[in-house]
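To be precise, the following lines are my_file.txt, and they hold compact mmCIF, C-alpha atoms.
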```
# COMPACT_ATOMS: atom_id res chain seq x y z
CA MET A 17 -36.74 26.78 39.03
CA SER A 18 -36.13 30.01 37.12
CA GLU A 19 -36.25 30.16 33.32
CA ASN A 20 -32.58 31.04 32.89
CA GLU A 21 -31.46 27.90 34.72
CA ILE A 22 -33.28 25.66 32.22
CA ASP A 23 -31.34 24.65 29.12
CA GLU A 24 -33.91 22.52 27.29
CA LYS A 25 -37.58 21.68 27.59
CA ILE A 26 -39.66 18.74 26.45
CA ASP A 27 -43.42 18.32 26.84
CA LEU A 28 -44.35 14.64 27.10
CA ARG A 29 -47.97 14.95 28.12
CA GLY A 30 -50.03 12.31 26.36
CA VAL A 31 -46.94 10.23 25.53
CA LEU A 32 -47.12 6.69 26.89
CA CYS A 33 -44.55 4.66 28.79
CA PRO A 34 -41.90 3.76 27.86
CA ILE A 35 -41.82 6.13 24.85
CA ASN A 36 -41.81 9.12 27.21
CA PHE A 37 -38.64 7.83 28.83
CA VAL A 38 -37.02 7.06 25.47
CA LYS A 39 -37.75 10.62 24.29
CA THR A 40 -36.31 12.00 27.53
CA LYS A 41 -33.20 9.89 27.04
CA LEU A 42 -32.75 11.00 23.42
CA LYS A 43 -33.13 14.64 24.43
CA LEU A 44 -30.56 14.24 27.20
CA GLU A 45 -28.15 12.73 24.69
CA THR A 46 -28.13 15.99 22.71
CA MET A 47 -27.21 17.99 25.85
CA GLU A 48 -24.02 18.73 27.75
CA SER A 49 -23.12 17.43 31.19
CA ASP A 50 -24.68 19.47 34.07
CA GLN A 51 -27.26 21.11 31.78
CA ILE A 52 -30.87 21.13 32.99
CA LEU A 53 -33.77 19.55 31.10
CA GLU A 54 -37.36 20.37 32.01
CA VAL A 55 -39.75 17.48 31.29
CA THR A 56 -43.53 17.88 31.55
CA LEU A 57 -45.28 14.61 32.39
CA ASP A 58 -48.79 13.37 33.06
CA ASP A 59 -49.52 12.25 36.59
CA GLY A 60 -49.89 8.51 37.21
CA GLU A 61 -47.82 5.94 35.39
CA PRO A 62 -45.42 8.39 33.68
CA MET A 63 -44.59 9.98 37.05
CA ARG A 64 -44.01 6.55 38.58
CA ASN A 65 -41.78 5.31 35.77
CA VAL A 66 -39.84 8.13 34.10
CA PRO A 67 -38.07 9.57 37.18
CA ARG A 68 -36.93 6.12 38.24
CA SER A 69 -35.59 5.26 34.79
CA VAL A 70 -33.80 8.62 34.62
CA LYS A 71 -32.12 7.81 37.94
CA GLU A 72 -31.17 4.31 36.72
CA ASP A 73 -29.41 5.98 33.77
CA GLY A 74 -27.34 7.99 36.23
CA HIS A 75 -28.87 11.46 35.85
CA LYS A 76 -30.06 13.58 38.75
CA ILE A 77 -33.56 14.89 39.31
CA VAL A 78 -32.99 18.22 41.00
CA LYS A 79 -36.58 19.39 41.37
CA VAL A 80 -40.18 18.29 40.94
CA GLU A 81 -43.00 20.81 40.49
CA LYS A 82 -46.73 20.37 40.27
CA SER A 83 -48.14 22.29 37.32
CA GLY A 84 -51.93 22.11 37.25
CA ASP A 85 -52.79 18.42 36.82
CA ASP A 86 -49.36 17.69 35.40
CA PHE A 87 -45.82 17.62 36.72
CA LYS A 88 -42.55 19.16 35.67
CA ILE A 89 -39.35 17.36 36.56
CA TYR A 90 -35.95 19.01 36.20
CA ILE A 91 -33.11 16.69 35.25
CA LYS A 92 -29.42 17.51 35.54
CA LYS A 93 -27.55 15.57 32.92
CA SER A 94 -24.74 13.36 34.26
CA MET B 15 -42.59 -44.11 34.26
CA PRO B 16 -41.91 -46.73 31.60
CA GLU B 17 -43.87 -49.92 32.03
CA SER B 18 -41.14 -51.99 30.46
CA THR B 19 -39.07 -53.89 33.02
CA ASP B 20 -36.74 -55.22 30.41
CA GLY B 21 -33.35 -54.13 31.72
CA LYS B 22 -31.74 -54.68 28.35
CA ARG B 23 -33.94 -52.19 26.56
CA VAL B 24 -33.40 -49.37 29.00
CA ASN B 25 -31.21 -48.47 31.94
CA LEU B 26 -33.69 -48.50 34.81
CA LYS B 27 -31.30 -46.60 37.04
CA GLU B 28 -31.63 -43.62 34.72
CA LEU B 29 -35.40 -43.76 35.02
CA LYS B 30 -35.52 -43.99 38.78
CA SER B 31 -35.29 -40.28 39.37
CA GLY B 32 -37.91 -39.64 36.72
CA GLY B 33 -37.79 -37.13 33.93
CA PHE B 34 -39.17 -39.73 31.49
CA ILE B 35 -42.90 -39.32 31.14
CA LYS B 36 -45.17 -41.81 29.43
CA GLN B 37 -47.07 -40.57 26.43
CA THR B 38 -50.29 -41.82 24.84
CA GLN B 39 -48.22 -43.17 21.94
CA ARG B 40 -46.90 -46.68 22.57
CA ASP B 41 -43.18 -46.71 23.50
CA LEU B 42 -42.83 -42.93 23.21
CA PHE B 43 -41.87 -40.78 26.16
CA THR B 44 -41.43 -37.13 26.98
CA VAL B 45 -37.96 -36.38 28.26
CA ARG B 46 -37.89 -33.45 30.67
CA LEU B 47 -34.59 -31.61 30.98
CA ARG B 48 -33.12 -30.06 34.08
CA VAL B 49 -33.17 -26.28 33.59
CA PRO B 50 -33.08 -24.56 37.00
CA GLY B 51 -34.73 -21.16 36.92
CA GLY B 52 -35.46 -21.57 33.22
CA ARG B 53 -32.14 -20.01 32.23
CA LEU B 54 -30.42 -21.62 29.27
CA ASP B 55 -27.01 -20.76 27.98
CA ILE B 56 -27.44 -20.12 24.24
CA ASP B 57 -24.78 -22.63 23.13
CA LYS B 58 -26.43 -25.27 25.29
CA MET B 59 -29.81 -24.39 23.83
CA ALA B 60 -28.47 -24.93 20.33
CA LYS B 61 -27.04 -28.31 21.32
CA ILE B 62 -30.34 -29.35 22.92
CA ALA B 63 -32.03 -28.45 19.65
CA GLU B 64 -29.62 -30.74 17.73
CA VAL B 65 -30.26 -33.65 20.09
CA ALA B 66 -34.02 -33.06 20.04
CA LYS B 67 -34.01 -33.04 16.26
CA LYS B 68 -32.24 -36.37 16.27
CA TYR B 69 -34.40 -38.14 18.87
CA SER B 70 -37.86 -36.59 18.82
CA ARG B 71 -40.08 -38.75 16.67
CA MET B 72 -42.76 -36.07 16.74
CA GLY B 73 -40.68 -33.10 15.70
CA TYR B 74 -41.18 -30.67 18.55
CA CYS B 75 -40.31 -29.63 22.08
CA HIS B 76 -42.60 -28.26 24.74
CA LEU B 77 -41.69 -25.53 27.23
CA SER B 78 -43.12 -26.87 30.47
CA PHE B 79 -44.93 -24.80 33.09
CA ARG B 80 -41.91 -25.24 35.32
CA GLN B 81 -39.50 -23.70 32.83
CA SER B 82 -38.07 -26.91 31.49
CA VAL B 83 -37.49 -27.95 27.90
CA GLU B 84 -39.30 -31.21 27.19
CA ILE B 85 -38.34 -33.30 24.19
CA ILE B 86 -41.53 -34.92 22.95
CA GLY B 87 -41.82 -38.36 21.39
CA VAL B 88 -38.56 -40.05 22.39
CA HIS B 89 -38.58 -43.80 21.80
CA ILE B 90 -37.81 -45.97 24.80
CA ASP B 91 -34.99 -47.66 22.88
CA ASP B 92 -33.26 -44.30 22.46
CA PHE B 93 -33.12 -43.36 26.17
CA ASP B 94 -29.55 -44.41 26.84
CA ALA B 95 -28.15 -42.79 23.73
CA LEU B 96 -30.08 -39.58 24.35
CA VAL B 97 -28.98 -39.30 27.98
CA LYS B 98 -25.38 -39.90 26.93
CA GLU B 99 -25.49 -37.24 24.23
CA LEU B 100 -27.05 -34.72 26.56
CA ALA B 101 -24.40 -35.46 29.20
CA GLU B 102 -21.66 -34.65 26.70
CA PHE B 103 -22.47 -30.97 27.06
CA GLY B 104 -23.52 -31.13 30.71
CA GLN B 105 -27.26 -31.31 30.23
CA GLU B 106 -29.06 -33.51 32.72
CA VAL B 107 -32.54 -34.97 32.74
CA ALA B 108 -34.98 -33.55 35.33
CA SER B 109 -37.33 -35.39 37.66
CA CYS B 110 -40.89 -36.36 38.30
CA GLY B 111 -42.45 -38.34 41.14
CA PRO B 112 -42.23 -37.80 44.90
CA ARG B 113 -39.13 -35.67 45.25
CA VAL B 114 -37.77 -32.14 45.17
CA ARG B 115 -38.25 -30.82 41.64
CA VAL B 116 -36.05 -28.42 39.72
CA PRO B 117 -36.53 -24.97 41.31
CA THR B 118 -38.15 -22.28 39.18
CA ALA B 119 -37.30 -18.58 39.29
CA CYS B 120 -38.05 -15.25 37.68
CA GLY B 121 -35.57 -13.72 35.24
CA GLY B 122 -33.65 -12.19 38.09
CA CYS B 123 -32.16 -9.02 39.43
CA GLU B 124 -29.20 -8.88 37.04
CA TYR B 125 -31.26 -7.28 34.30
CA ASN B 126 -34.80 -6.70 35.60
CA PRO B 127 -35.13 -3.24 37.20
CA ASN B 128 -37.71 -4.55 39.72
CA GLY B 129 -35.39 -7.25 41.04
CA ILE B 130 -34.43 -7.14 44.70
CA MET B 131 -33.00 -10.59 45.38
CA ASP B 132 -31.00 -12.85 43.08
CA ALA B 133 -33.64 -15.49 42.29
CA GLN B 134 -31.55 -17.13 39.56
CA LYS B 135 -28.51 -17.62 41.77
CA LYS B 136 -30.68 -19.12 44.50
CA ALA B 137 -32.44 -21.50 42.10
CA LEU B 138 -29.05 -22.79 40.94
CA GLU B 139 -27.81 -23.26 44.50
CA VAL B 140 -30.93 -25.09 45.64
CA ASP B 141 -30.96 -27.23 42.51
CA LYS B 142 -27.37 -28.23 43.18
CA ASP B 143 -27.91 -29.03 46.85
CA LEU B 144 -31.43 -30.45 47.01
CA PHE B 145 -32.71 -31.53 43.59
CA GLY B 146 -34.14 -35.03 43.72
CA THR B 147 -34.39 -35.26 47.52
CA GLU B 148 -37.01 -37.93 48.18
CA CYS B 149 -40.19 -37.01 50.05
CA HIS B 150 -43.88 -37.99 50.26
CA HIS B 151 -45.08 -36.28 47.10
CA LYS B 152 -43.80 -33.81 44.55
CA PHE B 153 -42.10 -30.84 46.16
CA LYS B 154 -42.02 -27.60 44.20
CA ILE B 155 -39.85 -24.63 45.08
CA SER B 156 -39.76 -21.24 43.39
CA PHE B 157 -37.99 -17.91 43.74
CA SER B 158 -39.39 -14.48 42.87
CA GLY B 159 -36.99 -11.56 43.01
CA CYS B 160 -39.61 -9.01 44.08
CA PRO B 161 -43.24 -8.69 45.29
CA ILE B 162 -44.62 -8.79 41.72
CA ASP B 163 -44.06 -12.51 42.29
CA CYS B 164 -43.80 -13.74 38.71
CA ALA B 165 -42.62 -17.13 40.02
CA ARG B 166 -45.98 -17.55 41.83
CA THR B 167 -44.60 -18.38 45.26
CA LYS B 168 -48.12 -18.68 46.67
CA GLY B 169 -48.70 -21.80 44.57
CA MET B 170 -45.55 -23.65 45.66
CA ASP B 171 -44.79 -26.19 48.36
CA LEU B 172 -42.10 -23.68 49.32
CA GLY B 173 -41.83 -20.24 47.80
CA PHE B 174 -39.32 -17.46 48.40
CA GLN B 175 -40.09 -13.89 47.40
CA GLY B 176 -37.56 -11.07 47.57
CA VAL B 177 -38.22 -8.07 49.83
CA VAL B 178 -36.39 -4.92 50.84
CA THR B 179 -37.20 -2.98 54.00
CA PRO B 180 -36.92 0.76 53.27
CA GLN B 181 -35.68 3.40 55.69
CA TRP B 182 -35.85 7.18 55.37
CA GLU B 183 -33.47 9.92 56.52
CA GLU B 184 -34.53 13.52 56.76
CA ASP B 185 -31.26 15.26 55.82
CA PRO B 186 -30.94 14.28 52.16
CA CYS B 187 -34.72 14.54 51.51
CA THR B 188 -35.68 17.43 49.19
CA LYS B 189 -39.44 16.81 49.61
CA CYS B 190 -39.78 16.17 45.89
CA THR B 191 -42.70 13.76 46.59
CA LEU B 192 -41.54 11.22 43.99
CA CYS B 193 -41.55 8.44 46.59
CA ALA B 194 -45.23 8.96 47.35
CA LYS B 195 -45.92 8.90 43.60
CA ALA B 196 -43.88 5.72 43.16
CA CYS B 197 -45.61 3.88 46.02
CA LEU B 198 -48.54 1.88 44.67
CA GLU B 199 -49.62 0.75 48.12
CA GLY B 200 -50.37 4.09 49.74
CA ALA B 201 -47.67 3.34 52.29
CA ILE B 202 -46.03 6.72 51.62
CA VAL B 203 -48.15 9.87 51.75
CA ASP B 204 -46.91 13.49 51.63
CA ASP B 205 -47.68 15.87 54.43
CA GLU B 206 -48.38 19.54 53.48
CA ASP B 207 -44.74 20.50 52.86
CA GLY B 208 -43.95 17.29 50.93
CA THR B 209 -42.32 15.32 53.74
CA PRO B 210 -43.11 11.61 53.33
CA ILE B 211 -45.17 9.92 56.02
CA PHE B 212 -44.52 6.18 56.05
CA TYR B 213 -47.20 3.63 56.98
CA SER B 214 -45.13 0.48 57.40
CA GLU B 215 -48.19 -1.78 57.79
CA LYS B 216 -49.15 -1.02 54.17
CA CYS B 217 -45.64 -1.49 52.78
CA VAL B 218 -45.08 -4.62 50.65
CA GLN B 219 -41.31 -4.02 50.64
CA CYS B 220 -40.93 -3.64 46.86
CA GLY B 221 -38.29 -0.92 47.08
CA ASP B 222 -39.91 1.40 44.52
CA CYS B 223 -39.35 4.35 46.89
CA ILE B 224 -35.65 3.54 47.12
CA LYS B 225 -35.33 3.14 43.37
CA VAL B 226 -36.93 6.49 42.56
CA CYS B 227 -35.46 8.68 45.32
CA PRO B 228 -33.16 11.23 43.61
CA THR B 229 -31.13 11.94 46.75
CA ASP B 230 -30.97 8.51 48.41
CA ALA B 231 -33.02 9.70 51.39
CA TRP B 232 -34.71 6.28 51.09
CA THR B 233 -32.24 3.42 51.39
CA ALA B 234 -32.36 -0.33 51.97
CA LYS B 235 -32.35 -1.27 55.64
CA ARG B 236 -32.18 -4.99 54.78
CA LYS B 237 -32.88 -7.38 51.91
CA GLY B 238 -34.09 -10.94 52.15
CA TRP B 239 -36.96 -13.31 51.46
CA ILE B 240 -40.56 -13.79 52.53
CA VAL B 241 -41.12 -17.54 52.92
CA ARG B 242 -44.41 -19.17 51.96
CA ALA B 243 -45.25 -22.86 52.28
CA GLY B 244 -48.04 -25.30 51.59
CA GLY B 245 -49.17 -23.94 48.23
CA ARG B 246 -50.17 -26.01 45.23
CA HIS B 247 -52.22 -25.83 42.06
CA GLY B 248 -53.89 -28.78 40.36
CA ARG B 249 -57.22 -30.37 41.21
CA HIS B 250 -57.36 -28.99 44.71
CA PRO B 251 -55.46 -25.71 44.75
CA ARG B 252 -54.29 -24.29 48.03
CA GLU B 253 -52.74 -20.89 48.60
CA ALA B 254 -49.48 -21.05 50.51
CA ASP B 255 -49.26 -19.76 54.07
CA GLU B 256 -46.74 -17.11 55.00
CA ILE B 257 -44.26 -18.77 57.35
CA VAL B 258 -41.48 -16.23 57.82
CA LYS B 259 -41.71 -12.50 57.07
CA PHE B 260 -37.99 -12.10 56.60
CA LEU B 261 -35.34 -14.73 55.94
CA PRO B 262 -31.72 -13.74 55.31
CA ASP B 263 -30.37 -14.97 51.97
CA GLU B 264 -27.81 -17.34 53.49
CA LYS B 265 -30.49 -19.26 55.42
CA VAL B 266 -32.53 -20.40 52.41
CA THR B 267 -31.00 -23.85 51.84
CA ASP B 268 -31.09 -24.60 55.55
CA PHE B 269 -34.75 -23.59 55.72
CA ILE B 270 -35.63 -25.90 52.84
CA SER B 271 -33.72 -28.82 54.37
CA LYS B 272 -35.44 -28.36 57.74
CA THR B 273 -38.84 -28.14 56.04
CA ILE B 274 -38.31 -31.36 54.08
CA GLU B 275 -37.06 -33.08 57.22
CA TRP B 276 -40.27 -32.02 59.01
CA TYR B 277 -42.41 -33.06 56.04
CA ASN B 278 -40.80 -36.49 55.81
CA LYS B 279 -41.40 -37.01 59.53
CA ASN B 280 -44.97 -35.63 59.72
CA GLY B 281 -46.40 -36.20 56.24
CA LYS B 282 -47.86 -39.27 54.60
CA ARG B 283 -47.10 -40.97 51.31
CA GLY B 284 -48.92 -39.17 48.51
CA GLU B 285 -49.71 -36.10 50.59
CA ARG B 286 -48.45 -32.64 49.59
CA ILE B 287 -47.03 -30.57 52.43
CA GLY B 288 -50.05 -28.21 52.41
CA LYS B 289 -52.26 -31.19 53.12
CA THR B 290 -49.99 -32.17 55.98
CA PHE B 291 -50.41 -28.64 57.38
CA ASP B 292 -54.19 -29.02 57.18
CA ARG B 293 -54.09 -32.41 58.88
CA VAL B 294 -51.59 -31.83 61.70
CA GLY B 295 -51.98 -28.07 61.99
CA LEU B 296 -49.92 -25.29 60.44
CA LYS B 297 -49.00 -24.18 63.94
CA THR B 298 -47.13 -27.44 64.54
CA PHE B 299 -44.96 -26.74 61.50
CA LYS B 300 -44.43 -23.10 62.44
CA ASP B 301 -43.54 -23.99 66.04
CA GLU B 302 -41.14 -26.74 65.06
CA VAL B 303 -39.39 -25.21 62.05
CA ALA B 304 -39.76 -21.43 61.96
CA PRO B 305 -38.46 -20.24 65.38
CA SER B 306 -34.76 -20.70 64.69
CA PHE B 307 -35.15 -18.60 61.55
CA LEU B 308 -37.05 -15.66 63.01
CA THR B 309 -35.16 -12.40 63.05
CA GLU B 310 -37.73 -10.12 64.65
```

As structure tokens, how would this structure be written, given the file I've shared?
Amino acid sequence: MSENEIDEKIDLRGVLCPINFVKTKLKLETMESDQILEVTLDDGEPMRNVPRSVKEDGHKIVKVEKSGDDFKIYIKKS
Amino acid sequence: MPESTDGKRVNLKELKSGGFIKQTQRDLFTVRLRVPGGRLDIDKMAKIAEVAKKYSRMGYCHLSFRQSVEIIGVHIDDFDALVKELAEFGQEVASCGPRVRVPTACGGCEYNPNGIMDAQKKALEVDKDLFGTECHHKFKISFSGCPIDCARTKGMDLGFQGVVTPQWEEDPCTKCTLCAKACLEGAIVDDEDGTPIFYSEKCVQCGDCIKVCPTDAWTAKRKGWIVRAGGRHGRHPREADEIVKFLPDEKVTDFISKTIEWYNKNGKRGERIGKTFDRVGLKTFKDEVAPSFLTE
């Protein structure tokens, strides 16, 4: 995903579940519909939980990228 | 059960189905309430608290291991009045002894994100249709909405655990690999370009892949229950045997009825159904009860 498509970024490495999801949610609340949020997450539990919770809240994950040992997910706000 | 046979002191008919449990204190009993699935309407809960305050001579309730509220220290002379007051707001007394107990269930799929099947609804249905059915020993039934199995179906005479069979379609899949991440069982593994490879033999049918998939490439092929029977805890625990891998929701009550019918015919007084399996052979039960319920 190219830099100019991303509207906001949040780095949640080292942030535990479910705080990482809550922070994602709060960030999304400050954004406009259809804007893209880049979230950096640790592998493991955060990657199992956050994407699913984001989907349950009705947003769309448009891309997932591996970034070293971590992951970046790109969320389109509903 | 109360030892008193004095019909004037207490309505013995009320006691027949149990729910009144003798305590160490002379003339005091524990009164177990009927709370299927452990769900209590808040208004009802408040009314139970009022009644308990009035009749408990020990000043507390106990939350039983089978999700019931037990009023501790009720005097035998107060039984009739207590039952009457509880009935005024639709609260019944539960059971003990050799019969179908109040079904237990997990919190349920209405608010728990892991939920697959409606365990609460099923517990209510089964309680309505089969509570108190007489058999050779206690008969415990539970419902878990998903494979996390909070309702411990493996320790029940009959346990039902929700499952969902996933299916994958190539077109919507964006190869994001979230399904493989979500799968705790190693049943989904990515190939080099991110396409999921599915090992169905490892799948526990929890539906995590379906829940995470951003494009609905994973969907539910079918939802239903795994059926386990013959489990118990206590002095001689026994893990339940898996009887049916998939039972449609609408067949649950029928399956329980057929199982109890078989148990009453093949079991002995004082013998839990798991013990009957061990004595006459699990195969006999499977051959006689399961076939009409098999879907694959």

Give me, as a ChimeraX atom specification, the residues of chain B touching chain A, with the criterion being at most 7 Å (counting only C-alpha atoms).
/B:190,195-196,225-226,228

Using only C-alpha atoms, find the one residue out of A:Ser94, A:Lys25, A:Phe37, A:Phe87 that sits nearest to A:Leu57.
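Answer, going by the shortest atom-to-atom distance: A:Phe87.
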
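Of the residues listed (B:Leu198, B:Gly33, B:Glu184, B:Asn128), B:Gly33 shows the shortest atom-to-atom separation from B:Gly146; distances use only C-alpha atoms.
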
For A:Lys88, which residue out of A:Met47, A:Leu28, A:Leu42, A:Cys33 is the nearest one, using only C-alpha atoms?
A:Leu28

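Between atom CA of B:Met59 and atom CA of B:Val83 the interatomic distance comes to 9.4 Å.
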
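Note that the spacing between atom CA of B:Ala243 and atom CA of B:Val258 amounts to 9.4 Å.
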
Give as a PyMOL selection string each residue that has an atom at most 12 Å from (-34.4, -28.8, 29.9) in the file, counting all atoms listed in the file.
chain B and resi 33+44-55+58-63+65-66+75-86+97+100+104-109+116+118

Name the residues in contact with B:Phe157 at a cut-off of 7 Å, using all atoms listed in the file, excluding same-chain residues fewer than 3 positions from it; report them as a JSON list (two decimals) with C-alpha atoms, in the frame of the given file.
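Generated file (result-v2.json):
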```json
[["chain", "number", "residue", "atom", "x", "y", "z"],
["B", 118, "THR", "CA", -38.15, -22.28, 39.18],
["B", 119, "ALA", "CA", -37.30, -18.58, 39.29],
["B", 120, "CYS", "CA", -38.05, -15.25, 37.68],
["B", 133, "ALA", "CA", -33.64, -15.49, 42.29],
["B", 137, "ALA", "CA", -32.44, -21.50, 42.10],
["B", 165, "ALA", "CA", -42.62, -17.13, 40.02],
["B", 167, "THR", "CA", -44.60, -18.38, 45.26],
["B", 173, "GLY", "CA", -41.83, -20.24, 47.80],
["B", 174, "PHE", "CA", -39.32, -17.46, 48.40],
["B", 175, "GLN", "CA", -40.09, -13.89, 47.40]]
```

For atom CA of B:Glu302 and atom CA of B:Lys216, the interatomic separation in Å (one decimal)
29.1 Å

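With distances restricted to only C-alpha atoms, A:Asp86 is the closest residue to A:Asp58 from A:Glu45, A:Glu24, A:Glu19, A:Asp86.
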